[in-house]
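*Asks:* Coordinates in coords_21.cif, mmCIF, C-alpha atoms, are listed below.
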data_entry
loop_
_atom_site.label_atom_id
_atom_site.label_comp_id
_atom_site.auth_asym_id
_atom_site.auth_seq_id
_atom_site.Cartn_x
_atom_site.Cartn_y
_atom_site.Cartn_z
CA MET A 1 -43.50 -106.31 260.79
CA ALA A 2 -42.52 -105.50 257.21
CA GLY A 3 -41.58 -108.30 254.87
CA LYS A 4 -38.08 -106.95 254.29
CA GLN A 5 -37.37 -107.00 258.02
CA LEU A 6 -38.54 -110.61 258.29
CA GLU A 7 -36.35 -111.51 255.32
CA GLN A 8 -33.39 -110.03 257.17
CA TYR A 9 -34.16 -112.20 260.22
CA VAL A 10 -34.22 -115.24 257.93
CA ARG A 11 -30.88 -114.34 256.33
CA THR A 12 -29.23 -113.70 259.68
CA SER A 13 -30.53 -116.97 261.14
CA THR A 14 -29.42 -118.91 258.07
CA ILE A 15 -25.89 -117.58 258.49
CA ARG A 16 -26.00 -118.40 262.19
CA ALA A 17 -27.06 -121.97 261.44
CA GLN A 18 -24.15 -122.37 259.02
CA GLU A 19 -21.73 -120.98 261.61
CA VAL A 20 -23.01 -123.27 264.37
CA ARG A 21 -22.82 -126.29 262.06
CA GLY A 22 -19.24 -125.32 261.29
CA SER A 23 -18.31 -124.98 264.95
CA LEU A 24 -19.75 -128.45 265.62
CA GLY A 25 -17.90 -130.00 262.68
CA LEU A 26 -21.10 -131.10 260.94
CA GLY A 27 -19.94 -130.12 257.46
CA ARG A 28 -22.82 -130.20 255.01
CA GLY A 29 -24.20 -133.60 255.97
CA PRO A 30 -27.23 -134.57 258.08
CA VAL A 31 -27.27 -133.99 261.84
CA PRO A 32 -26.76 -137.51 263.23
CA ASN A 33 -29.13 -137.08 266.20
CA MET A 34 -30.66 -133.73 267.12
CA PHE A 35 -31.84 -135.00 270.50
CA SER A 36 -28.40 -136.24 271.54
CA LEU A 37 -26.80 -133.04 270.28
CA VAL A 38 -28.79 -130.75 272.57
CA GLU A 39 -28.36 -133.09 275.54
CA SER A 40 -24.59 -133.06 274.97
CA GLU A 41 -24.69 -129.29 275.53
CA GLY A 42 -26.16 -129.69 278.99
CA ILE A 43 -29.77 -129.03 278.01
CA PHE A 44 -32.43 -130.98 279.90
CA LEU A 45 -34.56 -132.38 277.09
CA VAL A 46 -38.10 -133.56 277.87
CA ARG A 47 -40.13 -135.40 275.21
CA ALA A 48 -43.57 -136.31 276.50
CA PRO A 49 -47.21 -135.99 275.41
CA SER A 50 -48.51 -132.50 276.19
CA GLY A 51 -52.15 -133.35 276.70
CA SER A 52 -53.01 -130.07 274.94
CA PRO A 53 -53.34 -129.35 271.20
CA ASP A 54 -51.84 -125.91 271.83
CA LEU A 55 -48.64 -127.03 273.57
CA HIS A 56 -46.04 -128.00 270.99
CA ALA A 57 -42.67 -127.01 272.41
CA PHE A 58 -40.98 -124.55 274.73
CA PHE A 59 -37.59 -123.36 275.92
CA ALA A 60 -37.05 -122.20 279.48
CA MET A 61 -34.28 -121.31 281.89
CA ILE A 62 -35.21 -122.92 285.20
CA ASP A 63 -32.98 -122.15 288.19
CA GLY A 64 -30.22 -121.29 285.75
CA SER A 65 -30.51 -124.53 283.79
CA PRO A 66 -31.74 -124.74 280.17
CA VAL A 67 -34.78 -126.92 279.50
CA ILE A 68 -36.32 -127.86 276.15
CA TYR A 69 -39.71 -129.54 275.98
CA VAL A 70 -41.28 -131.04 272.86
CA ASN A 71 -44.60 -132.80 272.52
CA SER A 72 -43.96 -136.50 271.83
CA GLY A 73 -47.58 -136.79 270.72
CA GLU A 74 -46.39 -135.25 267.44
CA THR A 75 -44.45 -136.99 264.70
CA LEU A 76 -40.77 -137.72 265.17
CA GLY A 77 -39.94 -135.53 262.18
CA ARG A 78 -41.74 -132.58 263.74
CA GLN A 79 -40.13 -133.23 267.11
CA THR A 80 -36.70 -133.03 265.47
CA PHE A 81 -37.55 -129.67 263.90
CA SER A 82 -39.01 -128.41 267.19
CA VAL A 83 -35.82 -129.30 269.08
CA ALA A 84 -33.70 -127.48 266.48
CA HIS A 85 -36.05 -124.47 266.79
CA GLU A 86 -35.68 -124.43 270.59
CA TYR A 87 -31.93 -124.93 270.23
CA TYR A 88 -31.87 -121.53 268.52
CA HIS A 89 -33.52 -119.98 271.58
CA PHE A 90 -30.92 -121.66 273.79
CA LEU A 91 -28.03 -120.33 271.71
CA PHE A 92 -29.25 -116.79 271.03
CA ASP A 93 -32.12 -115.88 273.36
CA ARG A 94 -31.39 -117.39 276.76
CA GLN A 95 -29.89 -114.18 278.10
CA SER A 96 -33.00 -112.16 277.23
CA LEU A 97 -35.86 -114.52 278.10
CA ARG A 98 -36.75 -117.01 280.78
CA GLU A 99 -39.40 -118.94 278.89
CA VAL A 100 -40.97 -119.03 275.45
CA ASP A 101 -43.82 -121.24 274.20
CA CYS A 102 -43.49 -122.10 270.52
CA ASN A 103 -45.31 -123.63 267.61
CA PRO A 104 -42.35 -124.40 265.33
CA GLY A 105 -43.05 -124.31 261.62
CA SER A 106 -46.26 -122.34 261.96
CA LYS A 107 -47.06 -119.27 259.89
CA THR A 108 -46.03 -116.46 262.19
CA LYS A 109 -44.68 -112.94 261.88
CA ASN A 110 -43.12 -112.95 265.34
CA PRO A 111 -39.50 -112.07 264.48
CA ARG A 112 -38.05 -114.30 267.20
CA GLU A 113 -40.04 -117.28 265.96
CA VAL A 114 -39.31 -116.54 262.30
CA ALA A 115 -35.62 -116.50 263.18
CA ALA A 116 -35.82 -119.78 265.11
CA ASP A 117 -37.67 -121.51 262.26
CA ALA A 118 -35.14 -120.27 259.70
CA PHE A 119 -32.29 -121.47 261.89
CA ALA A 120 -33.87 -124.91 262.35
CA GLY A 121 -34.47 -125.27 258.61
CA GLU A 122 -30.89 -124.49 257.63
CA PHE A 123 -29.34 -126.32 260.57
CA LEU A 124 -31.16 -129.59 259.79
CA LEU A 125 -31.34 -129.16 256.02
CA PRO A 126 -28.44 -127.02 254.75
CA ARG A 127 -29.12 -126.01 251.17
CA ASP A 128 -25.75 -127.15 249.83
CA GLY A 129 -25.93 -130.39 251.77
CA VAL A 130 -29.41 -131.23 250.50
CA ALA A 131 -28.36 -130.55 246.89
CA TYR A 132 -25.20 -132.63 247.28
CA GLU A 133 -26.96 -135.61 248.89
CA TYR A 134 -29.76 -135.53 246.33
CA VAL A 135 -27.52 -135.46 243.27
CA ARG A 136 -25.29 -138.14 244.77
CA ARG A 137 -28.28 -140.45 245.13
CA PHE A 138 -30.51 -139.55 242.21
CA GLY A 139 -28.38 -137.72 239.67
CA THR A 140 -30.46 -135.56 237.34
CA THR A 141 -33.79 -137.23 238.22
CA LYS A 142 -36.27 -134.59 239.38
CA PRO A 143 -37.82 -135.02 242.84
CA GLY A 144 -41.01 -137.02 243.19
CA GLU A 145 -42.73 -138.50 246.23
CA ARG A 146 -40.38 -141.50 246.32
CA GLU A 147 -37.22 -139.37 246.20
CA ALA A 148 -38.60 -137.06 248.91
CA ILE A 149 -39.39 -140.01 251.20
CA LYS A 150 -35.92 -141.47 250.70
CA MET A 151 -34.29 -138.10 251.41
CA MET A 152 -36.30 -137.57 254.60
CA GLN A 153 -34.84 -140.82 255.93
CA VAL A 154 -31.35 -139.43 255.34
CA PHE A 155 -31.98 -136.11 257.12
CA ARG A 156 -34.46 -137.50 259.69
CA VAL A 157 -37.04 -134.76 259.20
CA SER A 158 -40.70 -134.56 258.27
CA TYR A 159 -41.87 -135.02 254.70
CA ARG A 160 -43.07 -131.42 254.52
CA ALA A 161 -39.72 -130.06 255.72
CA MET A 162 -37.85 -132.25 253.25
CA VAL A 163 -39.90 -131.15 250.27
CA LYS A 164 -39.45 -127.49 251.22
CA ALA A 165 -35.70 -128.06 251.45
CA LEU A 166 -35.65 -129.67 248.00
CA ARG A 167 -37.35 -126.58 246.63
CA LYS A 168 -34.93 -124.30 248.47
CA ALA A 169 -32.10 -126.23 246.79
CA ASP A 170 -33.66 -125.47 243.37
CA LEU A 171 -34.23 -129.12 242.55
CA PHE A 172 -37.78 -128.74 241.17
CA ASP A 173 -38.46 -127.64 237.61
CA SER A 174 -41.47 -125.55 238.58
CA TYR A 175 -43.73 -124.48 241.42
CA SER A 176 -46.45 -126.83 240.15
CA ALA A 177 -44.05 -129.78 240.39
CA TYR A 178 -43.13 -128.77 243.94
CA LYS A 179 -46.79 -128.39 244.93
CA ARG A 180 -47.70 -131.79 243.49
CA VAL A 181 -45.01 -133.52 245.55
CA LYS A 182 -45.81 -131.45 248.66
CA ASP A 183 -49.53 -132.23 248.55
CA ILE A 184 -49.00 -135.84 249.59
CA CYS A 185 -48.29 -134.64 253.14
CA SER A 186 -51.70 -132.96 253.51
CA LEU A 187 -54.15 -134.38 256.02
CA GLU A 188 -56.27 -135.69 253.18
CA ASN A 189 -53.34 -137.70 251.81
CA LYS A 190 -51.72 -138.93 255.04
CA ASP A 191 -52.72 -142.55 254.34
CA LYS A 192 -51.09 -142.34 250.91
CA LEU A 193 -47.87 -141.05 252.45
CA ARG A 194 -47.88 -143.83 255.02
CA GLU A 195 -48.58 -146.49 252.39
CA LEU A 196 -45.82 -145.28 250.08
CA THR A 197 -43.33 -145.03 252.96
CA LEU A 198 -43.99 -148.65 253.91
CA ARG A 199 -43.86 -149.77 250.28
CA LEU A 200 -40.38 -148.30 250.00
CA GLY A 201 -39.28 -150.36 252.99
CA PHE A 202 -39.09 -147.61 255.61
CA SER A 203 -40.54 -147.28 259.09
CA THR A 204 -43.32 -144.72 259.51
CA GLU A 205 -41.76 -143.31 262.70
CA LEU A 206 -40.96 -139.95 261.08
CA ILE A 207 -44.56 -139.36 259.97
CA GLU A 208 -46.56 -140.73 262.91
CA PRO A 209 -46.85 -139.57 266.54
CA THR A 210 -44.54 -141.38 268.96
CA SER A 211 -46.69 -140.63 272.06
CA THR A 212 -44.49 -142.61 274.47
CA PRO A 213 -42.53 -140.35 276.86
CA GLN A 214 -38.79 -140.38 276.17
CA CYS A 215 -36.66 -140.43 279.33
CA PRO A 216 -34.25 -137.45 279.45
CA GLN A 217 -30.66 -138.71 279.27
CA ARG A 218 -29.46 -136.46 282.09
CA PHE A 219 -32.27 -137.69 284.33
CA LEU A 220 -31.45 -141.31 283.50
CA GLU A 221 -27.75 -140.83 284.23
CA ALA A 222 -28.53 -139.07 287.52
CA VAL A 223 -30.90 -141.67 288.95
CA ILE A 224 -28.58 -144.54 288.00
CA ALA A 225 -25.60 -142.75 289.56
CA ASN A 226 -27.60 -142.08 292.73
CA TYR A 227 -28.55 -145.74 292.99
CA GLU A 228 -25.00 -146.91 292.32
CA SER A 229 -23.80 -144.55 295.07
CA GLY A 230 -26.38 -145.84 297.52
CA LEU A 231 -28.23 -142.53 297.69
CA ILE A 232 -31.58 -144.03 296.64
CA THR A 233 -33.06 -147.48 297.15
CA TYR A 234 -33.81 -150.03 294.45
CA ARG A 235 -37.50 -149.46 295.06
CA LYS A 236 -37.06 -145.70 294.58
CA LEU A 237 -35.04 -146.29 291.41
CA ARG A 238 -37.81 -148.44 289.97
CA SER A 239 -40.49 -145.85 290.85
CA LEU A 240 -38.48 -143.05 289.20
CA LEU A 241 -38.08 -145.03 285.98
CA GLU A 242 -41.65 -146.28 285.82
CA PRO A 243 -43.25 -143.08 284.37
CA TRP A 244 -40.82 -143.35 281.45
CA LYS A 245 -41.73 -147.00 280.79
CA LYS A 246 -38.23 -148.06 281.86
CA THR A 247 -37.03 -150.70 284.32
CA PRO A 248 -33.74 -151.14 286.22
CA GLU A 249 -33.22 -154.48 284.47
CA GLU A 250 -32.89 -152.70 281.10
CA TYR A 251 -29.67 -151.18 282.43
CA GLY A 252 -28.35 -154.31 284.12
CA LEU A 253 -29.24 -153.03 287.57
CA SER A 254 -30.36 -155.19 290.46
CA GLU A 255 -30.78 -154.78 294.20
CA ASP A 256 -27.16 -155.76 294.89
CA ARG A 257 -26.02 -152.75 292.82
CA THR A 258 -24.13 -154.77 290.25
CA MET A 259 -24.06 -153.80 286.61
#
In structure tokens, write the structure found in this file.
*Replies:*
Amino acid sequence: MAGKQLEQYVRTSTIRAQEVRGSLGLGRGPVPNMFSLVESEGIFLVRAPSGSPDLHAFFAMIDGSPVIYVNSGETLGRQTFSVAHEYYHFLFDRQSLREVDCNPGSKTKNPREVAADAFAGEFLLPRDGVAYEYVRRFGTTKPGEREAIKMMQVFRVSYRAMVKALRKADLFDSYSAYKRVKDICSLENKDKLRELTLRLGFSTELIEPTSTPQCPQRFLEAVIANYESGLITYRKLRSLLEPWKKTPEEYGLSEDRTM
């Protein structure tokens, strides 16, 4: 597909992201929790290790219900971007497709994927919001590795995505300055990024794989409600929570069904 056509997909998706943010009352600030947001819209969100290097994320309509899967074996920052990418498919593609496997943030010319990536970028990192938050915190100081790491904590995204957003907001003096700051997120420099993140007093959760399966909120609510209603036994409740590394006691549940 021609470059101009892809640019049009990017522009359209950027506008869509701004409109959706507006409808959700997000203003220009960070999205508080992308995972909770999609679950609040009735999407069944599954975050678990894929067991395959080629399975990153997918959106599907299963028996009329929307499902988003993301590989929890990837970094939390990437998972956040992947969920925003799949959220685009939920909002704009669910009437025309039943399932789509994705590799969010990859270099692709697939128009549907280009559109979803552009949406995710603007939805999580709105240009005006990034510029506002940066200037509010750092004034006229130009971005370096430390500023990028601090900003990624604010927007809860990957280092790479944050640096790209800083460039999109015209905060770098030159391409060479942008490239120098971006290069710290390369595979060769991952230890440096981790070390600097810790030195600044932050957790490395955004830049390291989480691996542990994250129990879908709708699933959790359903099994607890079924137990409270007497539809499943305490033993069944425990067995259903076990794959997610959860226990009934974490939720104040016992065999007498008291909270």
*Asks:* Under the PyMOL selection byres ((chain A and resi 224) around 12), which residues of this model are included? Write them out as a VMD selection string.
*Replies:* chain A and resid 217 to 223 225 to 234 236 to 238 240 to 241 246 to 254 257 to 259
*Asks:* Would you list the contacts of Val38 of chain A as an mmCIF file with C-alpha atoms, in the frame of the given file, taking every protein, DNA or RNA residue within 10 Å and counting all atoms listed in the file, but skipping same-chain residues closer than 6 positions in sequence?
*Replies:*
data_model
loop_
_atom_site.group_PDB
_atom_site.id
_atom_site.type_symbol
_atom_site.label_atom_id
_atom_site.label_comp_id
_atom_site.auth_asym_id
_atom_site.auth_seq_id
_atom_site.Cartn_x
_atom_site.Cartn_y
_atom_site.Cartn_z
ATOM 1 C CA PHE A 44 -32.430 -130.980 279.900
ATOM 2 C CA LEU A 45 -34.560 -132.380 277.090
ATOM 3 C CA VAL A 67 -34.780 -126.920 279.500
ATOM 4 C CA ILE A 68 -36.320 -127.860 276.150
ATOM 5 C CA VAL A 83 -35.820 -129.300 269.080
ATOM 6 C CA ALA A 84 -33.700 -127.480 266.480
ATOM 7 C CA GLU A 86 -35.680 -124.430 270.590
ATOM 8 C CA TYR A 87 -31.930 -124.930 270.230
ATOM 9 C CA PHE A 90 -30.920 -121.660 273.790
#
*Asks:* Leaving out Met162 of chain A and any residue of its chain fewer than 3 positions from it, which residues lie within 8 Å of it when counting all atoms listed in the file, given as a PyMOL selection string?
*Replies:* chain A and resi 125+148+151-152+157-159+165-166
*Asks:* Written as JSON, numbers by chain, which residues does the PyMOL selection byres ((chain A and resi 122) around 12) give for the file shown?
*Replies:* {"A": [10, 11, 12, 13, 14, 15, 16, 17, 18, 19, 20, 21, 28, 29, 30, 31, 81, 84, 85, 88, 115, 116, 117, 118, 119, 120, 121, 123, 124, 125, 126, 127, 128, 129, 130, 155, 161, 162, 164, 165, 166, 168, 169]}
*Asks:* Evaluate the PyMOL selection byres ((chain A and resi 65) around 12) and record the selected residues as a PDB file with C-alpha atoms, in the frame of the given file, following the chain and residue labels used in the document.
*Replies:*
ATOM      1  CA  GLU A  41     -24.690-129.290 275.530  1.00  0.00           C
ATOM      2  CA  GLY A  42     -26.160-129.690 278.990  1.00  0.00           C
ATOM      3  CA  ILE A  43     -29.770-129.030 278.010  1.00  0.00           C
ATOM      4  CA  PHE A  44     -32.430-130.980 279.900  1.00  0.00           C
ATOM      5  CA  LEU A  45     -34.560-132.380 277.090  1.00  0.00           C
ATOM      6  CA  PHE A  59     -37.590-123.360 275.920  1.00  0.00           C
ATOM      7  CA  ALA A  60     -37.050-122.200 279.480  1.00  0.00           C
ATOM      8  CA  MET A  61     -34.280-121.310 281.890  1.00  0.00           C
ATOM      9  CA  ILE A  62     -35.210-122.920 285.200  1.00  0.00           C
ATOM     10  CA  ASP A  63     -32.980-122.150 288.190  1.00  0.00           C
ATOM     11  CA  GLY A  64     -30.220-121.290 285.750  1.00  0.00           C
ATOM     12  CA  PRO A  66     -31.740-124.740 280.170  1.00  0.00           C
ATOM     13  CA  VAL A  67     -34.780-126.920 279.500  1.00  0.00           C
ATOM     14  CA  ILE A  68     -36.320-127.860 276.150  1.00  0.00           C
ATOM     15  CA  PHE A  90     -30.920-121.660 273.790  1.00  0.00           C
ATOM     16  CA  ARG A  94     -31.390-117.390 276.760  1.00  0.00           C
ATOM     17  CA  GLN A  95     -29.890-114.180 278.100  1.00  0.00           C
ATOM     18  CA  ARG A  98     -36.750-117.010 280.780  1.00  0.00           C
ATOM     19  CA  GLU A  99     -39.400-118.940 278.890  1.00  0.00           C
TER      20      GLU A  99
END
*Asks:* Would you compute, for all listed atoms of segment 95-111 of chain A, the axis-aligned bounding box grown by 4 Å on each side, and then report its centre and edge lengths in Å rounded to one decimal, as AutoDock Vina command-line options?
*Replies:*
--center_x -38.5 --center_y -118.2 --center_z 270.3 --size_x 25.2 --size_y 20.3 --size_z 28.9
*Asks:* May I ask for the distance between atom CA of Pro243 of chain A and atom CA of His89 of chain A, given in Å to one decimal place?
*Replies:*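 Interatomic distance, atom CA of Pro243 of chain A to atom CA of His89 of chain A: 28.1 Å.
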*Asks:* Report, in Å with one decimal, the straight-line distance from atom CA of Cys215 of chain A to atom CA of Gln153 of chain A.
*Replies:*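 Those two atoms sit 23.5 Å apart.
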*Asks:* If we count all atoms listed in the file, what is near Leu196 of chain A at a cut-off of 12 Å, once residues fewer than 6 positions away on the same chain are taken out, given as a ChimeraX atom specification?
*Replies:* /A:144-150,159,184-185,189-190,202-204,207
